[in-house]
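> Provided herewith is a single structure, encoded as structure tokens, for subsequent inquiry.
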Amino acid sequence: MWTIIEQIFPYAIVFTIPLLITALGGLFSERSGIVNIGLEGLMISGAFASALTVNFLQDSMSGSAVLWIGLLVAVIVGMLFSLLHAFASINLSADQVISGTAINMIAMALTVFLARNITGSGNIRITNGFTPFDVPILSQIPIIGDLLFTKTYATTWFILVVLLVSAFILNKTKFGLRLKSCGEFPQAAQAAGINVVRIRYIGVMISGALSGLGGAIIILTYAGEFTGSVSGLGFLALASLIFGQWRPLGILGATLFFGFASTIANVSQVIPELAVIPPIILKIFPYVVTLIALVIFSKSSQAPKAAGEPFDPGKR
Amino acid sequence: MRNTIVSLISIILGLIAGGLLMLFIGASPIEGYTYLFQGALKNISRIGDTLATATPLIFTGLAVAFAFRTGLFNIGAAGQMLIGGLAATAVGLTFDLARPILILVMLLAGIVGGGLWAFIPGYFKARFNVHEVVSTIMMNWIAYWTVYYVVPGYFKGEFLETESRKLAEGSTLRTPWLTEMFQGSYINLGLFFAVIAVIIIAFIINKTTLGFELKAVGFNRHAAEYAGMKVNRNIILSMLISGALAGLGGVALYTGNASSMQIGILPSQGYDGIAVALLGANSPVGVFFAALLFGILYSGTGFMNAMIEIPPELANTIIAIIIYFAATSVMIHRLLNKFRKTRSNANDVDGPVGKKGEA
């Protein structure tokens, strides 16, 4: 049993990280009052941008610098792409769910359209992604060394830092509190002198940047190839956001749950102890649990009160 | 009228954007669009294929539009299609009935399967206020994995593990006379059922108490409740009907356009249904025409791709851009208002009476 856990752990964490960072992006957007169902599309745009960048540069440059450039480009592309959603939902008071859906559709179609035009097949391969490494010294610690500090990616540590910084920003800084006030009661926020439109723009752009990063990490760690989708991880991130009750640490817990559940389902066939469970049960397990969790949390939902509503300064 | 103009402007803007994309990759937009429309409408058999491509979209568009009217966002049409299609395929492969009865039972199976899949999110919404967007997405994945294991487990195809057995000729929605009339196209009875569905749904929405109540709940849940309507019941009912329509879309797709089910694919028609509903301004007739347009785009791009090197994803891209413009229709409304104002200002010179009645 122990060896199974030991084997699964690193994979589960690798799978969790893109989900975590995307859900965190969604958190910034929703806390500012804009529902962002376009996370999936933003992830795809980031995945595409990073794959294209790395594919383009990998012959002329070597080492991990290329990969970090790829991540940076993904962040920028995700951020720019999210402006479409910000413009529609903030300036034009469009239905945020529909605008987000349009973002998803544009990303899914346009990236494959461009990729097919560039490579012919619509897939973009990268030859070298991030390589896993054992953290020196820490990986020697018994038990947790094997679980947490072996076969880790540099991006994992980077994202965990981003998580901590985000939690700090949201809860302890002036900006974070303003952001949250825009999601709860924007009219009061405006009366207090906060520029709601600006804050919401920043919220959506952070969600674009982090989702783009999430999509890029999928490509540069475990996928290695852009195929035009991120297999619904963006939607899963959205569910994690609700599951995690719109709090950074809650999101960490929710995404870890999804990471483990998916990894267990994926490896169940090769592990005899798990092979006795019908695979369909393992595959639908995370989704069923999410549904149940949504029902349980529905009574005490911590959702930002103004999320999804266009900002109307005259409303009381 | 206003909605139609907005939709038409969105379409034109989307097509212009598609043209720009073709220019961007170094192809000629005029050539591209010529091939696209030729591919969709050149001869009777291609027209048949276009209509068949549009058929599941009519159903899913109706499904999404119907739920929209009650203020519900059914993003789970794909999952409902899968389960509806699976139920119909199971019936078609298992029972040996006289053809009209078999078709009827398959349609019922699709309605029940899709309806059931939407009932769960509907119930959760009504009873626990669980947001239907997330719950229907979860249901999509549950449907995806259910089909993934049920098809190979019980209806495995002869050659491929990833496909169900093929339905017998007599157990599909295809009929010889239609196939002959459209010279070998895969058009099928699904189209007729889709048209009937459009008429029935238009009737329900516009002429019945039920439709009125559903719309009232969509406009203002609290006002509807205050007026004594059973809001929770209406929410569940709306999702149920929406899911049933999507289930029928699955029947049309898997037992009409195709004759077997593939695993590992969420049908794109589910998501496209949102686009169809939006472009059709949530009216059944609008949905019908929007689905036809998307049918043209989808079935035309294959031919276009064969003739000149433009990726077939152009269709999806155009549709996505159309939807973005439809979603931001406020912008178009503002432009229209401006346009009308300048016109009525010009009229003001002749007489002070503004044309207020015109809207």
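Chain labels run A, B, ... following the order of the structure tokens; each chain numbers its residues from 1, and ligands are numbered from 1 in the order shown.
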Set the distance at 7 Å and use only C-alpha atoms: which residues neighbour Gly76 in chain B once local chain neighbours fewer than 2 positions away are removed? I'd like the list as a ChimeraX atom specification.
/B:74,78-80,136-137,139-140,270
> Could you list, as a PyMOL selection string, the residues of chain A having an atom within 6 Å of chain B when counting only C-alpha atoms?
chain A and resi 88+94+99+102+105-106+109-110+113+284+287
> Do you know which residues are at most 12 Å from Ala191 in chain A counting only C-alpha atoms, after dropping those on the same chain fewer than 2 positions away, and could you put them as number ranges by chain?
A: 181-182, 185-189, 193-196, 313-316
> If you count only C-alpha atoms, which residues fall within 9 Å of Ala65 in chain B, apart from same-chain ones fewer than 5 positions away, as a ChimeraX atom specification?
/B:60,73-74,242,273-274,276-278,280-284,287
> Keeping all heavy atoms for every residue in the selection just given, could you write it to a file as a short mmCIF file (atom, residue, chain, number, x, y, z; two decimals), in the first residue's frame?

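Below is the file that was written, again-v2.cif:
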```
data_model
loop_
_atom_site.label_atom_id
_atom_site.label_comp_id
_atom_site.auth_asym_id
_atom_site.auth_seq_id
_atom_site.Cartn_x
_atom_site.Cartn_y
_atom_site.Cartn_z
N THR B 60 -30.10 20.65 -30.14
CA THR B 60 -29.36 21.19 -29.00
C THR B 60 -29.61 22.69 -28.86
O THR B 60 -29.68 23.21 -27.75
CB THR B 60 -27.86 20.93 -29.13
OG1 THR B 60 -27.41 21.40 -30.40
CG2 THR B 60 -27.54 19.46 -29.02
N PHE B 73 -28.91 28.03 -17.61
CA PHE B 73 -27.87 27.91 -18.63
C PHE B 73 -27.49 26.43 -18.73
O PHE B 73 -26.72 25.93 -17.94
CB PHE B 73 -26.67 28.76 -18.25
CG PHE B 73 -25.71 28.95 -19.37
CD1 PHE B 73 -26.00 29.81 -20.41
CD2 PHE B 73 -24.50 28.30 -19.37
CE1 PHE B 73 -25.11 30.00 -21.44
CE2 PHE B 73 -23.60 28.50 -20.40
CZ PHE B 73 -23.90 29.34 -21.43
N ASN B 74 -28.08 25.75 -19.70
CA ASN B 74 -27.82 24.32 -19.84
C ASN B 74 -26.58 24.10 -20.70
O ASN B 74 -26.65 24.02 -21.91
CB ASN B 74 -29.03 23.64 -20.47
CG ASN B 74 -28.84 22.15 -20.63
OD1 ASN B 74 -27.86 21.59 -20.14
ND2 ASN B 74 -29.76 21.50 -21.31
N SER B 242 -35.59 20.57 -21.65
CA SER B 242 -34.34 20.91 -22.32
C SER B 242 -33.49 19.66 -22.54
O SER B 242 -32.97 19.43 -23.64
CB SER B 242 -33.60 21.94 -21.47
OG SER B 242 -32.32 22.17 -21.97
N GLY B 273 -24.71 24.15 -29.42
CA GLY B 273 -26.11 24.47 -29.15
C GLY B 273 -26.25 25.83 -28.47
O GLY B 273 -27.20 26.57 -28.74
N ILE B 274 -25.28 26.14 -27.60
CA ILE B 274 -25.30 27.44 -26.94
C ILE B 274 -25.21 28.55 -27.99
O ILE B 274 -25.96 29.52 -27.97
CB ILE B 274 -24.12 27.56 -25.96
CG1 ILE B 274 -24.19 26.44 -24.92
CG2 ILE B 274 -24.11 28.91 -25.29
CD1 ILE B 274 -22.92 26.28 -24.13
N VAL B 276 -25.96 28.32 -31.17
CA VAL B 276 -27.17 28.33 -31.99
C VAL B 276 -28.28 29.09 -31.27
O VAL B 276 -28.93 29.96 -31.85
CB VAL B 276 -27.64 26.89 -32.30
CG1 VAL B 276 -28.98 26.90 -32.99
CG2 VAL B 276 -26.61 26.18 -33.16
N ALA B 277 -28.47 28.79 -29.98
CA ALA B 277 -29.54 29.43 -29.21
C ALA B 277 -29.31 30.93 -29.15
O ALA B 277 -30.23 31.73 -29.34
CB ALA B 277 -29.59 28.84 -27.81
N LEU B 278 -28.06 31.30 -28.91
CA LEU B 278 -27.75 32.71 -28.75
C LEU B 278 -27.99 33.47 -30.05
O LEU B 278 -28.60 34.54 -30.07
CB LEU B 278 -26.29 32.83 -28.34
CG LEU B 278 -25.86 34.11 -27.70
CD1 LEU B 278 -26.68 34.34 -26.45
CD2 LEU B 278 -24.40 34.01 -27.34
N GLY B 280 -29.89 32.56 -32.45
CA GLY B 280 -31.32 32.52 -32.76
C GLY B 280 -32.16 33.29 -31.77
O GLY B 280 -33.38 33.18 -31.78
N ALA B 281 -31.49 34.08 -30.91
CA ALA B 281 -32.19 34.92 -29.93
C ALA B 281 -33.18 34.11 -29.09
O ALA B 281 -34.22 34.61 -28.69
CB ALA B 281 -32.88 36.10 -30.59
N ASN B 282 -32.85 32.84 -28.84
CA ASN B 282 -33.67 31.97 -27.99
C ASN B 282 -35.08 31.75 -28.50
O ASN B 282 -35.96 31.35 -27.73
CB ASN B 282 -33.72 32.49 -26.56
CG ASN B 282 -32.35 32.47 -25.92
OD1 ASN B 282 -31.54 31.58 -26.21
ND2 ASN B 282 -32.07 33.44 -25.09
N SER B 283 -35.35 32.06 -29.76
CA SER B 283 -36.67 31.75 -30.29
C SER B 283 -36.55 30.51 -31.16
O SER B 283 -35.55 30.34 -31.86
CB SER B 283 -37.20 32.92 -31.12
OG SER B 283 -36.79 32.80 -32.46
N PRO B 284 -37.53 29.61 -31.09
CA PRO B 284 -37.41 28.35 -31.84
C PRO B 284 -37.15 28.55 -33.33
O PRO B 284 -36.31 27.85 -33.90
CB PRO B 284 -38.77 27.70 -31.60
CG PRO B 284 -39.21 28.23 -30.29
CD PRO B 284 -38.72 29.64 -30.24
N VAL B 287 -33.65 29.67 -33.80
CA VAL B 287 -32.76 28.52 -33.61
C VAL B 287 -32.67 27.71 -34.90
O VAL B 287 -31.59 27.30 -35.32
CB VAL B 287 -33.27 27.63 -32.45
CG1 VAL B 287 -32.66 26.24 -32.51
CG2 VAL B 287 -32.94 28.28 -31.12
#
```
> Closest to Gly18 in chain B among B:Thr342, B:Ala54, B:Leu297, B:Gly250, using only C-alpha atoms?
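Counting only C-alpha atoms, the residue closest to Gly18 in chain B is B:Leu297.
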> Have a look at CA of Ile126 in chain A and CA of Ser207 in chain A and let me know their distance in Å, one decimal.
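That distance, rounded to one decimal, is 25.5 Å.
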> Would you please give, as an NGL selection string, all residues of range 99-295 of chain B that DSSP assigns to alpha helix (DSSP H) based on the backbone?
:B and (99-128 or 132-154 or 176-181 or 190-207 or 209-219 or 221-226 or 231-252 or 268-279 or 284-295)
> Would you kindly return, as a list in words, each protein, DNA or RNA residue with an atom no farther than 9 Å from any atom of Met181 in chain B, considering only C-alpha atoms and excluding same-chain residues fewer than 5 positions away?
Ile44, Ser45 and Pro176 of chain B
> Find the spatial neighbours of Ala12 in chain A, counting only C-alpha atoms, within a cut-off of 12 Å - ignore same-chain residues fewer than 3 positions away - and output them as a VMD selection string.
chain A and resid 4 to 9 15 to 20 147 to 148 151 to 152 156 222 255 to 267
> Between CA of Ile98 in chain A and CA of Ile37 in chain A, what is the distance in Å, rounded to a tenth?
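Between CA of Ile98 in chain A and CA of Ile37 in chain A the gap is 8.5 Å.
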